[in-house]
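First up is the structure itself, then whatever we jot down about it.
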Amino acid sequence: LNADLPPRLLELYGSVQSTMLTLYMAISYGEPWDALMMPLEHISSAMRTIFVIYIIIIALGLQNTLAAVFVDGLTHVSSLDRDITMHERNAKEKSQLRQLRELLLCQPLTPEGKIERHALIHVLKHEGADMLKKLGLQLTVAKALFKMLDTDDQQSVEIDEFIYGLMNLKGNSMTIQLANLMFHSKQLLARLCQLSGMVEDEVLPLLQGVDPELAVEEDEESLQMQSGNVEV
């Protein structure tokens, strides 16, 4: 029976292995698929139709599916690597911030537990310079952050608040904008409190026809009288 078949047909489809190789060459452009289809006419004209359907299914369906699976897997692996890298970087940054906090806590502090500007700048210029560099921040940025946090202009800030500000500066742009808005709101609130105190001490006595200095003296006298009554 095989002797009646063309040699080309036997070469391409004479066994299971050769048939699989031929079909693979048809979809991988190893050989033009129309040349691989022509010998099938010696078997049946329907074989050409089946071969064309096979090419269509593989070209439009399976190949795209395999490509999508491959791309999805590659994207997942890339995203996982990026997450791992970001986690490691965040861990290193938190470690640097923790060391910087411990270094600042060793410096002389105010009675309120705050660190003064000159002590902070001295640390950032010397012992903490390497930590600041590893965080990717410059000294000018730290000075600007100190000025932003020092809303009451006392030349001192809380250490934890300063470290939290540095951590926000390492975040995304939205986090930085929110932190900036928060600090400006705090500064505005401090100024409003200061203005409110000034109005209460200076303006209200004037509106009542009382000299502010006399009002202060009267308040002191009333306090002294109250203390004297308490002693009696």
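Each chain in the structure tokens gets a letter, A, B, ..., in the order shown, and its residues are numbered from 1; ligands are numbered from 1 in order too.
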
| query | Which of region 44-186 of chain A counts as helix (DSSP H, G or I) under DSSP, as a PyMOL selection string please? | reply | chain A and resi 45-105+117-125+129-134+139-149+159-169+173-186

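Proximity to Leu104 (chain A) was assessed for A:Asp72, A:Asp160, A:Asp153, A:Asp81 counting only C-alpha atoms; the smallest distance is recorded for A:Asp160.
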
| query | DSSP on the backbone: what in region 8-176 of chain A comes out strand (DSSP E or B), as number ranges by chain? | reply | A: 109, 114-116, 156-158

| field | All residues 12 Å or closer to Ile163 (chain A), only C-alpha atoms, same chain fewer than 2 positions away omitted, as a PyMOL selection string | value | chain A and resi 93-105+115+120+132+135+142+145-146+149+157-161+165-170

| task | Could you give me, as number ranges by chain, the residues within 12 Å of Lys125 (chain A), counting only C-alpha atoms and dropping anything in the same chain fewer than 5 positions from it? | result | A: 118-120, 130-133, 138-140, 142-143

| Could you name the residues that touch Tyr54 (chain A) at 12 Å or less, counting only C-alpha atoms, but leaving out those on the same chain fewer than 2 positions away, as a PyMOL selection string? | chain A and resi 23-24+26-27+33+37+47-52+56-63
